[in-house]
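*Asks:* I'd like to ask some things about the structure below.
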Amino acid sequence: MIRHRGPISGVAAFGGRHVATAGYDNRVILWDAARHTPLAQSVHDHLANQVAFSPDGRHLITSSSDYTARLWSVPDLKLLTVLSEHKDDVEMSVFHPERPLVATASRDHVVRVFDFSGELVQHFEGHTADVISVEWLPQSGEVVSSSDDGTIKRWSLKSGKLVENIDLEGVETDTIAITSSGVVFAGNDDGAIIRIEGENREFTPAHEAGIKRLVYNAATESLVSLSYDRSLRVWSTAGGLTLLHTAEFPAEIWARSCAFVDEHTLAFATFGSTYATYDIASARWDVSGIQDTPCVNAVATVAGGGTYTVGDSGVVSVDGEPHARPGSLCNFLVEAGGRMLTGGQLGRIFDADTGEVLHQHRSPLNCAAAFSRDGVPHVVFGAYTGEGLVFAVRDGGAFDHVTTLDLHANAVKGVSVSDGVIFAVCADAAASWFNAQTLKETARLEEAHHRIANGCAPLPGARFVSVSRDLQLRLWQGAEATVIPTPHDHSIKCVAASPDGTLVATGSYAGMVAVYSTESGEWTHMDKPTTAGISSMHYDTHGGRFLASSYDGSVYAVPA
C-alpha cells in the first residue's frame, strides 16, 4: 500500500483533482483529491522537503535534502529531470507562471533557475545564510527569495543581478507569498506578517511563535498563515490585512505546509501516513485515515537496562513494547528524580510513564537536560522560541516551574549540563552558557558555529561538544572551541558522549554514525546502518555502547 512512513513536510494541490505530498521518508506521493487515495509514488535519495505543481498541472517539482530538485510527470510520477547544481539541501522549488523554468532555494545560500532539461539558466548569490523560500514575482521576470539572514531579495532573471534588498531587521523569515498584483507578504520568526508594496512596510502581529508557511489564494484574495503556536489564521488581503478566521491544530498537523484544494478546503502536512484537510467554511478537520508512522525521535536507557523510545506517533515504548501514549510527536527523553519526561511539537511536557501533561508552553519543545541544584533534581527544556524552561522534580512527584531562561533568540536545538554549567546551542548558530546554581548567564557567542547548530552533549569538567550543519565537531572548554573535521557529508543531526568523555558519537540526517576518540584524536568507528536519518544518539551505560535512533523506526547499537 502506498503511504508515508515518515512525517509529511510538503503539500501541494492542483485544480481540486490532485494533492501531492513530500515526506521525511524520502517519498513523493500523488493523491486523488476527491477520494483521498494514492495514485503513484516516487522517491528521493534523502528527505523530500517540499513539492509544487506546474501551472498546467502536468508536472511536479520536488525539493530534497539529497541536494537536488526533481521534475516529475503527472499522473505517473515518471522522473524527467534532476536539477543538481546545489551544494546543500534544497528547501523549496517553484515553477515560473508562464515559461518552462523552475526557481530553487537552497541552504547553500544560492537561488538558482533551471529550465526543464535541467540546464542552469541563472544563479543568484548574495544571501549570507540559508535560503528557505522562493517565489516568482508576477509579470516582472523577477525572483523573490527569503533567507535566515533576515532579508528578502529581488533578483532579475534577465541580468542576473540583485534588484532590491529588503532588510527585515535581522529577523529570520521562513516563508513568503506574493499576490497576483505583486504585493509580497513575509512571515517571520517573531510571528509577524510583513506586507511589502513598493517602499511601504506594514508589520502585523499575527502569531505567538514563528510563522512557518504563508499560502495565498488568488481567487479569494486570502492568505493562510501557519505557526508553531499551533494555529492557522486566514486573512483577507483586499485593501490590507484583515483577520477572517482562526483555528487550532490537531496533534497530527505539522505547520510546515498546506495548500488550497479548493476555495474553502486546505490540505495539511502531518506527522502521519497521509495528509489532513480542513474546511474553512464549516471549521471542521478531517484527520481520518491518518496512520501512525514508525519514526523514532529519541532513545534513552535507565538503570537495569530498560530502553525507552518515543517518536512521531506520540507513543512511548519500553524495550519495544508500547508503554504510554502522550498522543503527540515527542522529540526527547530525559530522566530526573526517578521520572522519565518527554515533550515535543505541542509544547507540552509529559510524564513518559503515564502520559500525564505536566506543563504547557507556547511553542514546540526540542530538547532537555537533567541536573542537580541544591540537591534537588532539575530539568531544563529547550523551546523553539528560544526559552529554557527550568523545573524542579521534587520528592512526592511535585513538578515545579523554577524560572525561564533566555537561552537564545531562536530555536534551542540542544541543551546539556556539566559540573554546574548549562550549555545551549541554537538554530542561528549561537551558543550560550549559564550557571546551573544561580541560573544566570555567564557567556554567549553569537557565531559559535558556521551554520545551524543541531545538538550538544556534556563532557566532564564543565566541557561540552556540539555539532552543526557545517559538518564540524566542536569541543568546548569555556567559550573556546577546538574544531574537528568530521567524516560526515550531510548535516550532523545529533551527538552523545560517554560519561568519561573519551568517546563522542555523532549521527547525520543521511543515516551515518561516526565515533570520535578525544584521547587519540581519531574517528574510530564509521557506519551507515540506515538510509533514513539518525534522530538521536545516546550512551547506554548498562550496555557500554552508543544507541542511535532513526526515522526508520529502528534503534541501532554502535560500538563504543
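Ligands are numbered from 1 in the order shown, residues from 1 within each chain, and chains are lettered A, B, ... in the order they appear in the C-alpha cells.
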Can you tell me, as an NGL selection string, what residues are no more than 8 Å from Ser517 of chain A when counting only C-alpha atoms, ignoring any on the same chain fewer than 3 positions away?

*Replies:* :A and (502-504 or 520-524)

*Asks:* Per residue of segment 354-399 of chain A within 10 Å of segment 204-227 of chain A, note the shortest atom pair and the distance in Å to one decimal, counting only C-alpha atoms, and order the rows by chain and increasing residue number, as a Markdown table.

*Replies:*
```
| residue | atom | partner | partner_atom | distance |
| --- | --- | --- | --- | --- |
| A:Arg362 | CA | A:Glu208 | CA | 7.2 |
| A:Ser363 | CA | A:Ala209 | CA | 6.3 |
| A:Pro364 | CA | A:Ala209 | CA | 9.3 |
| A:Tyr384 | CA | A:Ala209 | CA | 8.3 |
| A:Thr385 | CA | A:Ala209 | CA | 6.5 |
```

*Asks:* Kindly export the residues of the current selection with C-alpha atoms, as a CSV table (one decimal), in the first residue's frame.

*Replies:*
```csv
chain,number,residue,atom,x,y,z
A,362,ARG,CA,3.5,28.4,23.8
A,363,SER,CA,5.8,26.7,21.2
A,364,PRO,CA,7.3,23.3,20.5
A,384,TYR,CA,11.5,26.6,19.6
A,385,THR,CA,11.0,30.2,20.7
```

*Asks:* Show me, as a PyMOL selection string, the residues that have an atom within 8 Å of segment 97-113 of chain A when counting only C-alpha atoms, minus same-chain residues fewer than 3 positions from it.

*Replies:* chain A and resi 54-55+69+86-94+116+120-136+138+143+145+147

*Asks:* Return the single residue from A:Phe203, A:Glu387, A:Thr274, A:Ala192 that is closest to Val28 of chain A, with distances computed using only C-alpha atoms.

*Replies:*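 The closest residue to Val28 of chain A is A:Thr274.
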
*Asks:* For Pro499 of chain A, work out the shell of residues within 12 Å, counting only C-alpha atoms and skipping chain neighbours fewer than 6 positions away, then give it as a list in words.

*Replies:* Ser418, Ala457, Pro458, Leu459, Pro460, Gly461, Arg463, Phe464, His538, Tyr539, Asp540, Thr541, His542, Gly544, Arg545, Phe546 and Ala560 of chain A

*Asks:* Output C-alpha atoms for every residue in the selection just made, as a compact mmCIF listing (two decimals), in the first residue's frame.

*Replies:*
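File out.txt, as written:
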```txt
# COMPACT_ATOMS: atom_id res chain seq x y z
CA SER A 418 28.13 19.52 33.07
CA ALA A 457 26.37 16.85 24.78
CA PRO A 458 28.23 17.19 28.11
CA LEU A 459 31.84 16.24 28.78
CA PRO A 460 33.35 16.08 32.29
CA GLY A 461 34.70 19.28 33.84
CA ARG A 463 33.20 20.95 28.96
CA PHE A 464 30.87 20.30 26.04
CA HIS A 538 22.51 8.09 23.48
CA TYR A 539 25.20 6.40 25.57
CA ASP A 540 23.89 3.18 27.12
CA THR A 541 25.82 2.87 30.38
CA HIS A 542 24.38 -0.58 31.11
CA GLY A 544 28.67 0.05 27.35
CA ARG A 545 27.68 1.24 23.85
CA PHE A 546 26.01 4.04 21.97
CA ALA A 560 31.89 2.29 21.90
```

*Asks:* Do a neighbour search on Gly311 of chain A at 8 Å with only C-alpha atoms, toss out local chain neighbours closer than 3 positions, and write the hits as a list of chain:residue names.

*Replies:*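 Counting only the stated atoms, we get A:Pro294, A:Cys295, A:Val296, A:Asn297, A:Ala298, A:Gly314, A:Val315, A:Val316, A:Leu329, A:Cys330, A:Asn331.
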
*Asks:* Determine which residues of segment 77-258 of chain A receive a DSSP assignment of strand (DSSP E or B), computed from the backbone, and state them as a PyMOL selection string.

*Replies:* chain A and resi 79-83+90-95+101-106+110-115+120-125+131-137+142-147+151-156+162-167+173-178+184-188+192-197+200-205+211-217+222-227+231-236+242-248+253-258

*Asks:* For segment 341-447 of chain A against segment 247-262 of chain A, with a cut-off of 12 Å and counting only C-alpha atoms, what is the closest atom pair and its distance in Å to one decimal for every residue that makes the cut, ordered by chain and number, as a Markdown table?

*Replies:*
```
| residue | atom | partner | partner_atom | distance |
| --- | --- | --- | --- | --- |
| A:Gly344 | CA | A:Ala251 | CA | 10.6 |
| A:Gln345 | CA | A:Ala251 | CA | 8.1 |
| A:Leu346 | CA | A:Ala251 | CA | 7.0 |
| A:Gly347 | CA | A:Ala251 | CA | 10.8 |
| A:Arg348 | CA | A:Ala251 | CA | 11.2 |
| A:Ser363 | CA | A:Ala255 | CA | 11.6 |
| A:Pro364 | CA | A:Ala255 | CA | 11.0 |
```

*Asks:* The selected residues should be written to file as a PDB file, in the first residue's frame (atoms: N, CA and C atoms).

*Replies:*
```
ATOM      1  N   GLY A 344       7.385  17.717  23.018  1.00  0.00           N
ATOM      2  CA  GLY A 344       7.672  17.994  21.621  1.00  0.00           C
ATOM      3  C   GLY A 344       6.790  19.017  20.974  1.00  0.00           C
ATOM      4  N   GLN A 345       6.127  18.610  19.891  1.00  0.00           N
ATOM      5  CA  GLN A 345       5.508  19.526  18.963  1.00  0.00           C
ATOM      6  C   GLN A 345       4.398  20.382  19.569  1.00  0.00           C
ATOM      7  N   LEU A 346       3.643  19.847  20.503  1.00  0.00           N
ATOM      8  CA  LEU A 346       2.541  20.602  21.091  1.00  0.00           C
ATOM      9  C   LEU A 346       2.990  21.551  22.195  1.00  0.00           C
ATOM     10  N   GLY A 347       4.279  21.551  22.531  1.00  0.00           N
ATOM     11  CA  GLY A 347       4.766  22.409  23.594  1.00  0.00           C
ATOM     12  C   GLY A 347       4.450  21.881  24.980  1.00  0.00           C
ATOM     13  N   ARG A 348       4.044  20.617  25.069  1.00  0.00           N
ATOM     14  CA  ARG A 348       3.680  20.028  26.348  1.00  0.00           C
ATOM     15  C   ARG A 348       4.820  19.168  26.893  1.00  0.00           C
ATOM     16  N   SER A 363       5.169  27.149  22.491  1.00  0.00           N
ATOM     17  CA  SER A 363       5.780  26.699  21.243  1.00  0.00           C
ATOM     18  C   SER A 363       6.354  25.300  21.435  1.00  0.00           C
ATOM     19  N   PRO A 364       6.744  24.623  20.348  1.00  0.00           N
ATOM     20  CA  PRO A 364       7.310  23.275  20.477  1.00  0.00           C
ATOM     21  C   PRO A 364       8.554  23.238  21.360  1.00  0.00           C
TER      22      PRO A 364
END
```

*Asks:* Residues within 8 Å of Glu446 of chain A, please, as a PyMOL selection string. Count only C-alpha atoms; anything in the same chain fewer than 4 positions from it doesn't count.

*Replies:* chain A and resi 428-431

*Asks:* Let's have the selection written as a PDB file, in the first residue's frame, with C-alpha atoms.

*Replies:*
```
ATOM      1  CA  ASP A 428      21.025  30.739  14.476  1.00  0.00           C
ATOM      2  CA  ALA A 429      24.476  29.163  15.160  1.00  0.00           C
ATOM      3  CA  ALA A 430      24.865  30.769  18.607  1.00  0.00           C
ATOM      4  CA  ALA A 431      25.899  29.138  21.887  1.00  0.00           C
TER       5      ALA A 431
END
```

*Asks:* Just the number, please: distance in Å from atom CA of Ser180 of chain A to atom CA of Glu197 of chain A, one decimal.

*Replies:*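 So the two atoms, atom CA of Ser180 of chain A and atom CA of Glu197 of chain A, lie 12.3 Å apart.
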
*Asks:* Using only C-alpha atoms, which of A:His245, A:Arg58, A:His4, A:His450 sits nearest Thr21 of chain A?

*Replies:*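 Going through A:His245, A:Arg58, A:His4, A:His450 one by one, the smallest distance to Thr21 of chain A is for A:His4.
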
*Asks:* Near Thr438 of chain A, within 12 Å and counting only C-alpha atoms, which residues show up once chain neighbours fewer than 4 positions away are dropped, as a ChimeraX atom specification?

*Replies:* /A:373-374,390,402-403,405,420-422,433-434,442

*Asks:* For the residues in that selection, give me C-alpha atoms as an mmCIF file, in the first residue's frame.

*Replies:*
```
data_model
loop_
_atom_site.group_PDB
_atom_site.id
_atom_site.type_symbol
_atom_site.label_atom_id
_atom_site.label_comp_id
_atom_site.auth_asym_id
_atom_site.auth_seq_id
_atom_site.Cartn_x
_atom_site.Cartn_y
_atom_site.Cartn_z
ATOM 1 C CA ARG A 373 20.624 22.108 42.100
ATOM 2 C CA ASP A 374 20.727 22.367 45.896
ATOM 3 C CA VAL A 390 13.676 25.126 34.256
ATOM 4 C CA VAL A 402 11.530 27.459 38.782
ATOM 5 C CA THR A 403 12.318 30.029 36.095
ATOM 6 C CA LEU A 405 15.979 31.355 30.904
ATOM 7 C CA GLY A 420 27.288 23.232 37.293
ATOM 8 C CA VAL A 421 27.175 24.740 33.798
ATOM 9 C CA ILE A 422 24.230 24.791 31.373
ATOM 10 C CA TRP A 433 26.439 29.299 28.947
ATOM 11 C CA PHE A 434 24.506 29.645 32.244
ATOM 12 C CA THR A 442 27.906 33.588 32.104
#
```

*Asks:* Enter the distance from atom CA of Thr342 of chain A to atom CA of Val310 of chain A, in Å, rounded to one decimal.

*Replies:*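 So the answer is 8.1 Å.
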
*Asks:* What is the distance between atom CA of Leu333 of chain A and atom CA of Gly10 of chain A, in Å to one decimal?

*Replies:*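 The value is 27.2 Å.
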
*Asks:* Using only C-alpha atoms, which residue out of A:Ala269, A:Ala48, A:Ala369, A:Ile290 lies closest to Val19 of chain A?

*Replies:* A:Ala269
